[in-house]
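Text of the file protein_27.cif, holding mmCIF, C-alpha atoms:
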```cif
data_start
loop_
_atom_site.group_PDB
_atom_site.id
_atom_site.type_symbol
_atom_site.label_atom_id
_atom_site.label_comp_id
_atom_site.auth_asym_id
_atom_site.auth_seq_id
_atom_site.Cartn_x
_atom_site.Cartn_y
_atom_site.Cartn_z
ATOM 1 C CA MET I 189 -0.996 -2.278 17.681
ATOM 2 C CA GLN I 190 2.509 -0.861 17.090
ATOM 3 C CA GLY I 191 4.682 -1.742 20.060
ATOM 4 C CA GLU I 192 2.210 -4.253 21.514
ATOM 5 C CA PRO I 193 3.258 -7.906 21.879
ATOM 6 C CA LEU I 194 3.049 -9.790 18.574
ATOM 7 C CA GLU I 195 0.333 -12.393 19.150
ATOM 8 C CA ASN I 196 -1.513 -12.964 15.857
ATOM 9 C CA VAL I 197 -1.134 -13.095 12.092
ATOM 10 C CA TYR I 198 -4.061 -11.699 10.093
ATOM 11 C CA PHE I 199 -5.291 -12.816 6.661
ATOM 12 C CA ILE I 200 -7.620 -10.471 4.783
ATOM 13 C CA LEU I 201 -10.627 -12.237 3.274
ATOM 14 C CA ASP I 202 -12.341 -9.007 2.257
ATOM 15 C CA GLY I 203 -11.835 -5.258 2.611
ATOM 16 C CA LYS I 204 -8.828 -2.974 2.981
ATOM 17 C CA ILE I 205 -6.399 -2.346 5.829
ATOM 18 C CA LYS I 206 -3.970 0.563 6.137
ATOM 19 C CA ILE I 207 -0.606 -0.291 7.698
ATOM 20 C CA TYR I 208 1.267 2.717 9.059
ATOM 21 C CA LYS I 209 3.839 3.927 11.552
ATOM 22 C CA THR I 210 3.987 7.178 13.468
ATOM 23 C CA ASP I 211 6.930 9.156 14.729
ATOM 24 C CA ILE I 212 7.201 10.795 18.163
ATOM 25 C CA HIS I 213 5.408 13.880 16.795
ATOM 26 C CA GLY I 214 2.475 11.834 15.484
ATOM 27 C CA LYS I 215 3.445 12.180 11.801
ATOM 28 C CA GLU I 216 2.082 9.205 9.917
ATOM 29 C CA GLN I 217 3.998 7.162 7.333
ATOM 30 C CA ILE I 218 1.778 4.776 5.388
ATOM 31 C CA ILE I 219 3.623 1.526 4.797
ATOM 32 C CA ALA I 220 0.967 -0.311 2.787
ATOM 33 C CA ILE I 221 -2.674 -0.502 1.825
ATOM 34 C CA LEU I 222 -3.555 -4.195 2.024
ATOM 35 C CA LYS I 223 -6.525 -5.875 0.374
ATOM 36 C CA LYS I 224 -8.200 -9.250 -0.094
ATOM 37 C CA GLY I 225 -5.619 -12.042 -0.173
ATOM 38 C CA ASP I 226 -2.963 -10.114 1.761
ATOM 39 C CA MET I 227 -1.712 -10.832 5.265
ATOM 40 C CA PHE I 228 -0.027 -8.894 8.032
ATOM 41 C CA PRO I 229 2.283 -8.396 9.808
ATOM 42 C CA HIS I 230 5.027 -9.516 7.434
ATOM 43 C CA VAL I 231 7.649 -9.958 10.135
ATOM 44 C CA GLY I 232 8.077 -11.799 13.382
ATOM 45 C CA PHE I 233 6.151 -15.025 12.825
ATOM 46 C CA PHE I 234 8.736 -17.234 14.458
ATOM 47 C CA ARG I 235 10.181 -14.954 17.087
ATOM 48 C CA LYS I 236 8.906 -13.038 20.039
ATOM 49 C CA GLY I 237 8.568 -9.340 19.496
ATOM 50 C CA GLU I 238 6.188 -6.471 18.973
ATOM 51 C CA TYR I 239 3.903 -5.436 16.149
ATOM 52 C CA PRO I 240 6.038 -3.250 13.864
ATOM 53 C CA ALA I 241 3.211 -0.900 12.815
ATOM 54 C CA PHE I 242 -0.406 0.102 13.325
ATOM 55 C CA ALA I 243 -3.226 -1.454 11.297
ATOM 56 C CA GLU I 244 -6.437 0.442 10.570
ATOM 57 C CA VAL I 245 -9.540 -0.786 8.742
ATOM 58 C CA ILE I 246 -10.272 1.640 5.893
ATOM 59 C CA GLU I 247 -12.953 -0.459 4.211
ATOM 60 C CA LYS I 248 -15.265 -2.959 5.891
ATOM 61 C CA SER I 249 -13.091 -6.057 6.258
ATOM 62 C CA THR I 250 -13.247 -9.729 7.151
ATOM 63 C CA LEU I 251 -10.076 -11.171 8.671
ATOM 64 C CA VAL I 252 -8.880 -14.614 9.677
ATOM 65 C CA VAL I 253 -6.852 -14.407 12.886
ATOM 66 C CA VAL I 254 -4.179 -17.044 13.506
ATOM 67 C CA PRO I 255 -2.346 -16.985 16.855
ATOM 68 C CA ILE I 256 1.451 -16.819 16.432
ATOM 69 C CA SER I 257 1.786 -19.638 18.951
ATOM 70 C CA GLY I 258 0.180 -22.062 16.501
ATOM 71 C CA PHE I 259 1.153 -20.434 13.210
ATOM 72 C CA GLU I 260 4.200 -22.626 12.617
ATOM 73 C CA ASN I 261 2.072 -25.766 13.049
ATOM 74 C CA VAL I 262 -0.596 -24.349 10.725
ATOM 75 C CA LEU I 263 2.090 -23.858 8.045
ATOM 76 C CA ILE I 264 3.500 -27.373 8.559
ATOM 77 C CA GLU I 265 0.023 -28.897 8.299
ATOM 78 C CA ASN I 266 -0.955 -26.788 5.262
ATOM 79 C CA PRO I 267 1.827 -26.795 2.632
ATOM 80 C CA LYS I 268 -0.301 -24.767 0.188
ATOM 81 C CA LEU I 269 -0.766 -22.064 2.810
ATOM 82 C CA CYS I 270 2.968 -22.182 3.553
ATOM 83 C CA ILE I 271 3.757 -21.597 -0.129
ATOM 84 C CA LYS I 272 1.202 -18.759 -0.262
ATOM 85 C CA VAL I 273 2.790 -17.095 2.792
ATOM 86 C CA PHE I 274 6.261 -17.344 1.268
ATOM 87 C CA ASN I 275 4.952 -15.957 -2.037
ATOM 88 C CA ILE I 276 3.425 -13.012 -0.179
ATOM 89 C CA LEU I 277 6.685 -12.419 1.690
ATOM 90 C CA GLY I 278 8.674 -12.629 -1.549
ATOM 91 C CA GLU I 279 6.356 -10.120 -3.242
ATOM 92 C CA LYS I 280 6.624 -7.838 -0.211
ATOM 93 C CA ILE I 281 10.436 -7.918 -0.349
ATOM 94 C CA VAL I 282 10.426 -7.038 -4.069
ATOM 95 C CA ASP I 283 7.867 -4.254 -3.472
ATOM 96 C CA LEU I 284 9.874 -2.766 -0.598
ATOM 97 C CA GLN I 285 13.104 -2.884 -2.619
ATOM 98 C CA LYS I 286 11.380 -1.109 -5.509
ATOM 99 C CA ARG I 287 9.870 1.532 -3.213
ATOM 100 C CA LEU I 288 13.229 2.146 -1.514
ATOM 101 C CA GLU I 289 14.848 2.575 -4.912
ATOM 102 C CA GLU I 290 12.122 5.067 -5.902
ATOM 103 C CA LEU I 291 12.710 7.097 -2.732
ATOM 104 C CA ILE I 292 16.463 7.180 -3.233
ATOM 105 C CA LEU I 293 16.641 7.747 -6.982
ATOM 106 C CA ASN I 294 13.566 9.862 -7.786
ATOM 107 C CA ASN I 295 12.550 13.417 -7.012
ATOM 108 C CA THR I 296 9.144 14.104 -5.440
ATOM 109 C CA TYR I 297 7.394 14.624 -8.794
ATOM 110 C CA GLU I 298 8.651 11.262 -10.045
ATOM 111 C CA GLN I 299 7.731 9.597 -6.739
ATOM 112 C CA ILE I 300 4.157 10.902 -7.001
ATOM 113 C CA ILE I 301 3.837 9.613 -10.568
ATOM 114 C CA LYS I 302 5.162 6.174 -9.604
ATOM 115 C CA LEU I 303 2.893 6.094 -6.533
ATOM 116 C CA LEU I 304 -0.189 6.892 -8.633
ATOM 117 C CA ILE I 305 0.729 4.169 -11.116
ATOM 118 C CA ARG I 306 1.281 1.623 -8.329
ATOM 119 C CA LEU I 307 -1.985 2.500 -6.555
ATOM 120 C CA ALA I 308 -3.953 2.449 -9.808
ATOM 121 C CA LYS I 309 -2.553 -0.963 -10.742
ATOM 122 C CA GLU I 310 -3.187 -2.404 -7.252
ATOM 123 C CA HIS I 311 -6.502 -0.735 -6.388
ATOM 124 C CA GLY I 312 -7.829 0.741 -9.632
ATOM 125 C CA VAL I 313 -10.372 -0.372 -12.196
ATOM 126 C CA ASP I 314 -9.255 -1.112 -15.766
ATOM 127 C CA LEU I 315 -11.225 1.064 -18.182
ATOM 128 C CA GLY I 316 -10.180 -1.105 -21.134
ATOM 129 C CA ASN I 317 -8.483 1.658 -23.106
ATOM 130 C CA GLY I 318 -5.126 1.622 -21.343
ATOM 131 C CA SER I 319 -6.462 3.900 -18.622
ATOM 132 C CA LEU I 320 -7.197 3.043 -15.002
ATOM 133 C CA LEU I 321 -9.744 4.563 -12.637
ATOM 134 C CA LEU I 322 -8.412 5.176 -9.142
ATOM 135 C CA LYS I 323 -11.344 5.744 -6.807
ATOM 136 C CA ALA I 324 -11.240 8.769 -4.546
ATOM 137 C CA GLU I 325 -10.404 6.686 -1.470
ATOM 138 C CA PHE I 326 -6.946 8.191 -0.963
ATOM 139 C CA THR I 327 -6.678 11.775 0.226
ATOM 140 C CA ASN I 328 -3.780 14.038 -0.709
ATOM 141 C CA LYS I 329 -2.601 13.585 2.878
ATOM 142 C CA ASP I 330 -2.660 9.792 2.408
ATOM 143 C CA LEU I 331 -0.631 10.113 -0.792
ATOM 144 C CA ALA I 332 1.851 12.399 0.965
ATOM 145 C CA ASN I 333 2.155 9.972 3.881
ATOM 146 C CA MET I 334 2.969 7.158 1.473
ATOM 147 C CA ILE I 335 6.075 8.883 0.117
ATOM 148 C CA GLY I 336 7.104 11.112 2.998
ATOM 149 C CA THR I 337 6.201 14.502 1.557
ATOM 150 C CA THR I 338 3.609 17.153 2.411
ATOM 151 C CA ARG I 339 -0.052 17.319 1.485
ATOM 152 C CA GLU I 340 0.584 20.701 -0.129
ATOM 153 C CA THR I 341 3.276 19.270 -2.416
ATOM 154 C CA VAL I 342 0.953 16.479 -3.534
ATOM 155 C CA SER I 343 -1.883 18.965 -4.098
ATOM 156 C CA ARG I 344 0.311 21.287 -6.210
ATOM 157 C CA THR I 345 1.661 18.356 -8.209
ATOM 158 C CA LEU I 346 -1.782 16.895 -8.928
ATOM 159 C CA THR I 347 -3.072 20.334 -9.973
ATOM 160 C CA LYS I 348 -0.123 20.694 -12.357
ATOM 161 C CA MET I 349 -0.743 17.200 -13.743
ATOM 162 C CA LYS I 350 -4.433 18.012 -14.340
ATOM 163 C CA LYS I 351 -3.545 21.249 -16.153
ATOM 164 C CA VAL I 352 -1.313 19.412 -18.628
ATOM 165 C CA ASN I 353 -3.853 16.555 -18.977
ATOM 166 C CA LEU I 354 -1.643 13.864 -17.434
ATOM 167 C CA ILE I 355 -4.527 12.894 -15.152
ATOM 168 C CA GLU I 356 -8.255 13.568 -15.172
ATOM 169 C CA MET I 357 -10.771 13.743 -12.359
ATOM 170 C CA ASP I 358 -14.353 12.592 -12.862
ATOM 171 C CA VAL I 359 -17.385 14.178 -11.202
ATOM 172 C CA ASN I 360 -16.992 11.880 -8.164
ATOM 173 C CA GLY I 361 -13.374 12.880 -7.554
ATOM 174 C CA ASN I 362 -12.018 9.626 -8.983
ATOM 175 C CA MET I 363 -8.731 9.888 -10.836
ATOM 176 C CA ILE I 364 -8.339 8.592 -14.380
ATOM 177 C CA LEU I 365 -4.789 7.948 -15.503
ATOM 178 C CA THR I 366 -2.871 6.106 -18.184
ATOM 179 C CA PRO I 367 0.220 4.469 -16.657
ATOM 180 C CA GLU I 368 2.194 4.444 -19.924
ATOM 181 C CA ARG I 369 1.576 8.165 -20.445
ATOM 182 C CA LEU I 370 2.684 8.966 -16.903
ATOM 183 C CA LEU I 371 5.838 6.882 -17.316
ATOM 184 C CA GLU I 372 6.675 8.772 -20.523
ATOM 185 C CA GLU I 373 6.560 11.967 -18.465
ATOM 186 C CA ILE I 374 9.453 10.857 -16.276
ATOM 187 C CA LEU I 375 11.576 8.882 -18.748
#
```
Before we go any further, please render this structure as structure tokens.
Amino acid sequence: MQGEPLENVYFILDGKIKIYKTDIHGKEQIIAILKKGDMFPHVGFFRKGEYPAFAEVIEKSTLVVVPISGFENVLIENPKLCIKVFNILGEKIVDLQKRLEELILNNTYEQIIKLLIRLAKEHGVDLGNGSLLLKAEFTNKDLANMIGTTRETVSRTLTKMKKVNLIEMDVNGNMILTPERLLEEIL
């Protein structure tokens, strides 16, 4: 999709989509993991251009496809949808600002902790005791590609965090973490 003419906007009814870019050497940078209720791309609705990134289905998904050529009319005719789109865009701007700040102001260890907290809050299951279960759907390479580090660095960091009981792994490889405890580690 990246570099192809921007023709459609996609709304996710079910499933998960990975949005990523690659450099000239094929190194992947994961921009977002989108889920039910999200849309993509987040840019270019009202101008001609190209898709800014690749999209890959990572969990069986159902999408609504709206051609760009009629998207403006769809928004005019559906004020509730228009408000939803602007809310999504506003949330995306805040998220990107926060992530940029994390990249600039935090070392890799702190970035990994904040990434785990963000993923657990967005994709995890609340265990009811302050802890969240993050299913083993993200590889160490995925985590590394989300913050621009290496798989080895993520692996070493997670091993260190397990040794000091900051995170736990269940028998299925799912991660159990307590966001408040992780935040205390970096404050």
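Those residues that approach Lys302 (chain I) to within 9 Å, counting all atoms listed in the file, are Glu290, Tyr297, Glu298, Arg306, Leu307, Pro367, Leu370 and Leu371 of chain I; same-chain residues fewer than 4 positions away are not listed.
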For the residues selected in the previous step, produce a file with C-alpha atoms as a PDB file, in the frame of the given file.
```pdb
ATOM      1  CA  GLU I 290      12.122   5.067  -5.902  1.00  0.00           C
ATOM      2  CA  TYR I 297       7.394  14.624  -8.794  1.00  0.00           C
ATOM      3  CA  GLU I 298       8.651  11.262 -10.045  1.00  0.00           C
ATOM      4  CA  ARG I 306       1.281   1.623  -8.329  1.00  0.00           C
ATOM      5  CA  LEU I 307      -1.985   2.500  -6.555  1.00  0.00           C
ATOM      6  CA  PRO I 367       0.220   4.469 -16.657  1.00  0.00           C
ATOM      7  CA  LEU I 370       2.684   8.966 -16.903  1.00  0.00           C
ATOM      8  CA  LEU I 371       5.838   6.882 -17.316  1.00  0.00           C
TER       9      LEU I 371
END
```
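Distance check against Ala308 (chain I) using only C-alpha atoms: of I:Ile364, I:Ile218, I:Ile374, I:Val359, the minimum falls on I:Ile364.
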Query raised in the report: Using all atoms listed in the file, which residues sit within 8 Å of region 270-276 of chain I once same-chain residues fewer than 6 positions away are excluded, as number ranges by chain?
Result: I: 226-227, 263-264
Report task. Please identify all polymer residues within 9 Å of Thr338 (chain I), counting only C-alpha atoms, omitting same-chain residues fewer than 5 positions from it, and present them as a list in words. Result -> Asn328, Lys329, Leu331, Ala332, Asn333 and Ser343 of chain I
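Closest to Leu304 (chain I) among I:Ala241, I:Ile355, I:Leu201, I:Leu269 is I:Ile355, based on only C-alpha atoms.
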Requested in this report: Would you kindly return, as a PyMOL selection string, each protein, DNA or RNA residue with an atom no farther than 12 Å from any atom of Asn353 (chain I), considering all atoms listed in the file and excluding same-chain residues fewer than 6 positions away?
Outcome: chain I and resi 346-347+363-366+369-370+373
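Among the candidates I:Glu216, I:Asn196, I:Ile207, I:Gly312, the one nearest to Ser257 (chain I) when counting all atoms listed in the file is I:Asn196.
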Using the file's own x, y and z axes, so that the box edges lie along x, y and z, what centre and edge lengths in Å (one decimal) does a box around every listed atom of region 296-315 of chain I get when 6 Å is added on each side? Give it as lines of an AutoDock Vina configuration file.
```
center_x = -1.0
center_y = 6.1
center_z = -11.8
size_x = 32.4
size_y = 29.0
size_z = 24.7
```
Report summary line: note - CA of Val352 (chain I) and CA of Glu372 (chain I) are separated by 13.4 Å
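Point (-11.7, -4.5, 8.5) has the following residues at most 10 Å away: Ile200, Leu201, Asp202, Gly203, Lys204, Ile205, Lys206, Lys223, Ala243, Glu244, Val245, Ile246, Glu247, Lys248, Ser249, Thr250 and Leu251 of chain I (atoms considered: all atoms listed in the file).
Of the listed residues I:Asn261, I:Gly336, I:His311, I:Met349, the one whose atoms come nearest to Lys224 (chain I) is I:His311, with distances taken using all atoms listed in the file.
Straight-line separation from CA of His213 (chain I) to CA of Tyr198 (chain I): 28.1 Å.
One finds CA of Asn362 (chain I) at 12.5 Å from CA of Ser319 (chain I).
Nearest residue to Leu288 (chain I), choosing from I:Glu356, I:Val231, I:Met334, I:Glu192 and counting only C-alpha atoms: I:Met334.
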